[in-house]
Amino acid sequence: MPADPDPSLLQSDCTSYLQQGPPVHMENYAPGSLTEIIIAHGASAEPIDAELAEIGSIILMESESIAETEDPTIRDWLQQGANLVKRVLEAHQQE
């Protein structure tokens, strides 16, 4: 996925994701997760430090298991979060 040409689009997408929250029936939701912290940085256009960038890389590696999630609504929401983490990291690399 190429970097966002319009940083405000990334901010808007991150904000929408955070406001939407997880599917109502998701039982193992962890508020304030590292994924959400990175997405919140994207929502506020706040730079991320090296440690958070490294955590984001780990999140992306672990996101490969999202396909195994049985519930399609939860799977889509998790994939959307992973995609946003990737976009935030790409935007960070361009700074």
# chains A, B, ... in the order shown; residues from 1 in each chain; ligands from 1
call {"tool": "residues_around", "arguments": {"residues": "range 14-28 of chain A", "least_positions_apart": "2", "cutoff": "8 Å", "atoms": "only C-alpha atoms", "output": "ChimeraX atom specification"}}
result
/A:10-12,30,36,39-40,42-43,73-74,77,81,84
call {"tool": "select_by_dssp", "arguments": {"residues": "chain A", "states": "helix (DSSP H, G or I)", "output": "ChimeraX atom specification"}}
result
/A:7-20,34-44,50-68,72-93
call {"tool": "closest_residue", "arguments": {"among": "A:Leu9, A:Gln94, A:Ala82, A:Pro31", "to": "Ser57 in chain A", "atoms": "only C-alpha atoms"}}
result
A:Ala82
call {"tool": "atom_distance", "arguments": {"atom1": "CA of Glu62 in chain A", "atom2": "CA of Gly32 in chain A"}}
result
17.6 Å
call {"tool": "atom_distance", "arguments": {"atom1": "CA of Leu78 in chain A", "atom2": "CA of Glu90 in chain A"}}
result
18.5 Å
call {"tool": "decode", "arguments": {"residues": "range 6-55 of chain A", "atoms": "N, CA and C atoms", "output": "PDB file, in the first residue's frame"}}
result
ATOM      1  N   ASP A   6      -2.444  12.302   1.022  1.00  0.00           N
ATOM      2  CA  ASP A   6      -3.069  13.368   1.792  1.00  0.00           C
ATOM      3  C   ASP A   6      -3.059  12.977   3.272  1.00  0.00           C
ATOM      4  N   PRO A   7      -2.170  13.595   4.066  1.00  0.00           N
ATOM      5  CA  PRO A   7      -2.103  13.235   5.490  1.00  0.00           C
ATOM      6  C   PRO A   7      -3.429  13.411   6.225  1.00  0.00           C
ATOM      7  N   SER A   8      -4.254  14.343   5.780  1.00  0.00           N
ATOM      8  CA  SER A   8      -5.533  14.543   6.467  1.00  0.00           C
ATOM      9  C   SER A   8      -6.465  13.347   6.262  1.00  0.00           C
ATOM     10  N   LEU A   9      -6.294  12.620   5.160  1.00  0.00           N
ATOM     11  CA  LEU A   9      -7.092  11.415   4.938  1.00  0.00           C
ATOM     12  C   LEU A   9      -6.714  10.347   5.963  1.00  0.00           C
ATOM     13  N   LEU A  10      -5.418  10.182   6.221  1.00  0.00           N
ATOM     14  CA  LEU A  10      -4.970   9.238   7.233  1.00  0.00           C
ATOM     15  C   LEU A  10      -5.517   9.642   8.603  1.00  0.00           C
ATOM     16  N   GLN A  11      -5.435  10.911   8.928  1.00  0.00           N
ATOM     17  CA  GLN A  11      -5.959  11.390  10.209  1.00  0.00           C
ATOM     18  C   GLN A  11      -7.449  11.072  10.325  1.00  0.00           C
ATOM     19  N   SER A  12      -8.185  11.339   9.272  1.00  0.00           N
ATOM     20  CA  SER A  12      -9.629  11.099   9.273  1.00  0.00           C
ATOM     21  C   SER A  12      -9.948   9.615   9.426  1.00  0.00           C
ATOM     22  N   ASP A  13      -9.231   8.772   8.688  1.00  0.00           N
ATOM     23  CA  ASP A  13      -9.473   7.330   8.772  1.00  0.00           C
ATOM     24  C   ASP A  13      -9.146   6.791  10.167  1.00  0.00           C
ATOM     25  N   CYS A  14      -8.054   7.268  10.744  1.00  0.00           N
ATOM     26  CA  CYS A  14      -7.679   6.829  12.089  1.00  0.00           C
ATOM     27  C   CYS A  14      -8.711   7.278  13.119  1.00  0.00           C
ATOM     28  N   THR A  15      -9.141   8.517  13.001  1.00  0.00           N
ATOM     29  CA  THR A  15     -10.147   9.045  13.926  1.00  0.00           C
ATOM     30  C   THR A  15     -11.445   8.253  13.816  1.00  0.00           C
ATOM     31  N   SER A  16     -11.874   7.973  12.609  1.00  0.00           N
ATOM     32  CA  SER A  16     -13.114   7.211  12.402  1.00  0.00           C
ATOM     33  C   SER A  16     -13.011   5.822  13.020  1.00  0.00           C
ATOM     34  N   TYR A  17     -11.868   5.182  12.835  1.00  0.00           N
ATOM     35  CA  TYR A  17     -11.663   3.837  13.387  1.00  0.00           C
ATOM     36  C   TYR A  17     -11.761   3.860  14.906  1.00  0.00           C
ATOM     37  N   LEU A  18     -11.117   4.834  15.520  1.00  0.00           N
ATOM     38  CA  LEU A  18     -11.137   4.923  16.982  1.00  0.00           C
ATOM     39  C   LEU A  18     -12.524   5.252  17.508  1.00  0.00           C
ATOM     40  N   GLN A  19     -13.246   6.106  16.796  1.00  0.00           N
ATOM     41  CA  GLN A  19     -14.597   6.476  17.227  1.00  0.00           C
ATOM     42  C   GLN A  19     -15.574   5.323  17.045  1.00  0.00           C
ATOM     43  N   GLN A  20     -15.379   4.559  15.982  1.00  0.00           N
ATOM     44  CA  GLN A  20     -16.254   3.422  15.705  1.00  0.00           C
ATOM     45  C   GLN A  20     -16.101   2.356  16.784  1.00  0.00           C
ATOM     46  N   GLY A  21     -14.878   2.088  17.165  1.00  0.00           N
ATOM     47  CA  GLY A  21     -14.634   1.065  18.173  1.00  0.00           C
ATOM     48  C   GLY A  21     -14.854  -0.336  17.621  1.00  0.00           C
ATOM     49  N   PRO A  22     -14.670  -1.327  18.476  1.00  0.00           N
ATOM     50  CA  PRO A  22     -14.778  -2.716  18.033  1.00  0.00           C
ATOM     51  C   PRO A  22     -16.228  -3.136  17.825  1.00  0.00           C
ATOM     52  N   PRO A  23     -16.419  -4.255  17.132  1.00  0.00           N
ATOM     53  CA  PRO A  23     -17.775  -4.794  17.020  1.00  0.00           C
ATOM     54  C   PRO A  23     -18.349  -5.056  18.425  1.00  0.00           C
ATOM     55  N   VAL A  24     -19.606  -4.815  18.573  1.00  0.00           N
ATOM     56  CA  VAL A  24     -20.266  -4.918  19.876  1.00  0.00           C
ATOM     57  C   VAL A  24     -20.092  -6.299  20.499  1.00  0.00           C
ATOM     58  N   HIS A  25     -20.096  -7.311  19.692  1.00  0.00           N
ATOM     59  CA  HIS A  25     -20.037  -8.683  20.203  1.00  0.00           C
ATOM     60  C   HIS A  25     -18.599  -9.188  20.419  1.00  0.00           C
ATOM     61  N   MET A  26     -17.613  -8.341  20.251  1.00  0.00           N
ATOM     62  CA  MET A  26     -16.220  -8.757  20.454  1.00  0.00           C
ATOM     63  C   MET A  26     -15.952  -8.845  21.953  1.00  0.00           C
ATOM     64  N   GLU A  27     -15.661 -10.057  22.417  1.00  0.00           N
ATOM     65  CA  GLU A  27     -15.539 -10.297  23.855  1.00  0.00           C
ATOM     66  C   GLU A  27     -14.130 -10.084  24.406  1.00  0.00           C
ATOM     67  N   ASN A  28     -13.112 -10.177  23.581  1.00  0.00           N
ATOM     68  CA  ASN A  28     -11.740 -10.080  24.093  1.00  0.00           C
ATOM     69  C   ASN A  28     -11.069  -8.766  23.694  1.00  0.00           C
ATOM     70  N   TYR A  29     -11.867  -7.718  23.579  1.00  0.00           N
ATOM     71  CA  TYR A  29     -11.346  -6.404  23.220  1.00  0.00           C
ATOM     72  C   TYR A  29     -10.532  -5.820  24.372  1.00  0.00           C
ATOM     73  N   ALA A  30      -9.346  -5.298  24.040  1.00  0.00           N
ATOM     74  CA  ALA A  30      -8.472  -4.684  25.046  1.00  0.00           C
ATOM     75  C   ALA A  30      -8.350  -3.187  24.761  1.00  0.00           C
ATOM     76  N   PRO A  31      -9.118  -2.351  25.458  1.00  0.00           N
ATOM     77  CA  PRO A  31      -9.016  -0.911  25.211  1.00  0.00           C
ATOM     78  C   PRO A  31      -7.620  -0.403  25.543  1.00  0.00           C
ATOM     79  N   GLY A  32      -7.173   0.564  24.771  1.00  0.00           N
ATOM     80  CA  GLY A  32      -5.854   1.142  25.010  1.00  0.00           C
ATOM     81  C   GLY A  32      -4.725   0.254  24.529  1.00  0.00           C
ATOM     82  N   SER A  33      -5.019  -0.635  23.581  1.00  0.00           N
ATOM     83  CA  SER A  33      -3.987  -1.530  23.057  1.00  0.00           C
ATOM     84  C   SER A  33      -2.916  -0.730  22.325  1.00  0.00           C
ATOM     85  N   LEU A  34      -1.790  -1.362  22.100  1.00  0.00           N
ATOM     86  CA  LEU A  34      -0.710  -0.705  21.369  1.00  0.00           C
ATOM     87  C   LEU A  34      -1.142  -0.362  19.949  1.00  0.00           C
ATOM     88  N   THR A  35      -1.978  -1.201  19.365  1.00  0.00           N
ATOM     89  CA  THR A  35      -2.523  -0.895  18.036  1.00  0.00           C
ATOM     90  C   THR A  35      -3.290   0.418  18.088  1.00  0.00           C
ATOM     91  N   GLU A  36      -4.142   0.570  19.093  1.00  0.00           N
ATOM     92  CA  GLU A  36      -4.922   1.807  19.217  1.00  0.00           C
ATOM     93  C   GLU A  36      -4.026   3.009  19.500  1.00  0.00           C
ATOM     94  N   ILE A  37      -2.969   2.815  20.249  1.00  0.00           N
ATOM     95  CA  ILE A  37      -2.049   3.921  20.544  1.00  0.00           C
ATOM     96  C   ILE A  37      -1.397   4.418  19.257  1.00  0.00           C
ATOM     97  N   ILE A  38      -0.977   3.487  18.411  1.00  0.00           N
ATOM     98  CA  ILE A  38      -0.359   3.881  17.137  1.00  0.00           C
ATOM     99  C   ILE A  38      -1.387   4.569  16.244  1.00  0.00           C
ATOM    100  N   ILE A  39      -2.594   4.017  16.185  1.00  0.00           N
ATOM    101  CA  ILE A  39      -3.649   4.638  15.378  1.00  0.00           C
ATOM    102  C   ILE A  39      -3.995   6.023  15.918  1.00  0.00           C
ATOM    103  N   ALA A  40      -3.987   6.186  17.232  1.00  0.00           N
ATOM    104  CA  ALA A  40      -4.244   7.510  17.829  1.00  0.00           C
ATOM    105  C   ALA A  40      -3.169   8.508  17.414  1.00  0.00           C
ATOM    106  N   HIS A  41      -1.933   8.060  17.295  1.00  0.00           N
ATOM    107  CA  HIS A  41      -0.868   8.938  16.796  1.00  0.00           C
ATOM    108  C   HIS A  41      -1.178   9.366  15.362  1.00  0.00           C
ATOM    109  N   GLY A  42      -1.715   8.443  14.569  1.00  0.00           N
ATOM    110  CA  GLY A  42      -2.112   8.788  13.205  1.00  0.00           C
ATOM    111  C   GLY A  42      -3.268   9.765  13.183  1.00  0.00           C
ATOM    112  N   ALA A  43      -4.203   9.604  14.123  1.00  0.00           N
ATOM    113  CA  ALA A  43      -5.370  10.493  14.185  1.00  0.00           C
ATOM    114  C   ALA A  43      -4.970  11.918  14.542  1.00  0.00           C
ATOM    115  N   SER A  44      -3.944  12.047  15.371  1.00  0.00           N
ATOM    116  CA  SER A  44      -3.528  13.381  15.812  1.00  0.00           C
ATOM    117  C   SER A  44      -2.309  13.891  15.042  1.00  0.00           C
ATOM    118  N   ALA A  45      -1.847  13.109  14.067  1.00  0.00           N
ATOM    119  CA  ALA A  45      -0.645  13.446  13.282  1.00  0.00           C
ATOM    120  C   ALA A  45       0.561  13.640  14.198  1.00  0.00           C
ATOM    121  N   GLU A  46       0.558  12.913  15.295  1.00  0.00           N
ATOM    122  CA  GLU A  46       1.660  12.986  16.258  1.00  0.00           C
ATOM    123  C   GLU A  46       2.762  12.029  15.813  1.00  0.00           C
ATOM    124  N   PRO A  47       4.007  12.468  15.830  1.00  0.00           N
ATOM    125  CA  PRO A  47       5.091  11.566  15.424  1.00  0.00           C
ATOM    126  C   PRO A  47       5.217  10.380  16.379  1.00  0.00           C
ATOM    127  N   ILE A  48       5.714   9.272  15.848  1.00  0.00           N
ATOM    128  CA  ILE A  48       5.952   8.113  16.688  1.00  0.00           C
ATOM    129  C   ILE A  48       7.458   7.924  16.851  1.00  0.00           C
ATOM    130  N   ASP A  49       7.851   7.473  18.023  1.00  0.00           N
ATOM    131  CA  ASP A  49       9.275   7.279  18.276  1.00  0.00           C
ATOM    132  C   ASP A  49       9.711   5.901  17.770  1.00  0.00           C
ATOM    133  N   ALA A  50      10.991   5.629  17.855  1.00  0.00           N
ATOM    134  CA  ALA A  50      11.552   4.383  17.335  1.00  0.00           C
ATOM    135  C   ALA A  50      10.957   3.162  18.025  1.00  0.00           C
ATOM    136  N   GLU A  51      10.734   3.263  19.328  1.00  0.00           N
ATOM    137  CA  GLU A  51      10.181   2.130  20.064  1.00  0.00           C
ATOM    138  C   GLU A  51       8.766   1.803  19.588  1.00  0.00           C
ATOM    139  N   LEU A  52       7.952   2.833  19.410  1.00  0.00           N
ATOM    140  CA  LEU A  52       6.582   2.609  18.945  1.00  0.00           C
ATOM    141  C   LEU A  52       6.586   2.105  17.501  1.00  0.00           C
ATOM    142  N   ALA A  53       7.519   2.571  16.691  1.00  0.00           N
ATOM    143  CA  ALA A  53       7.638   2.073  15.321  1.00  0.00           C
ATOM    144  C   ALA A  53       7.997   0.587  15.321  1.00  0.00           C
ATOM    145  N   GLU A  54       8.883   0.192  16.221  1.00  0.00           N
ATOM    146  CA  GLU A  54       9.255  -1.221  16.328  1.00  0.00           C
ATOM    147  C   GLU A  54       8.059  -2.063  16.771  1.00  0.00           C
ATOM    148  N   ILE A  55       7.297  -1.553  17.720  1.00  0.00           N
ATOM    149  CA  ILE A  55       6.092  -2.256  18.169  1.00  0.00           C
ATOM    150  C   ILE A  55       5.109  -2.384  17.005  1.00  0.00           C
TER     151      ILE A  55
END
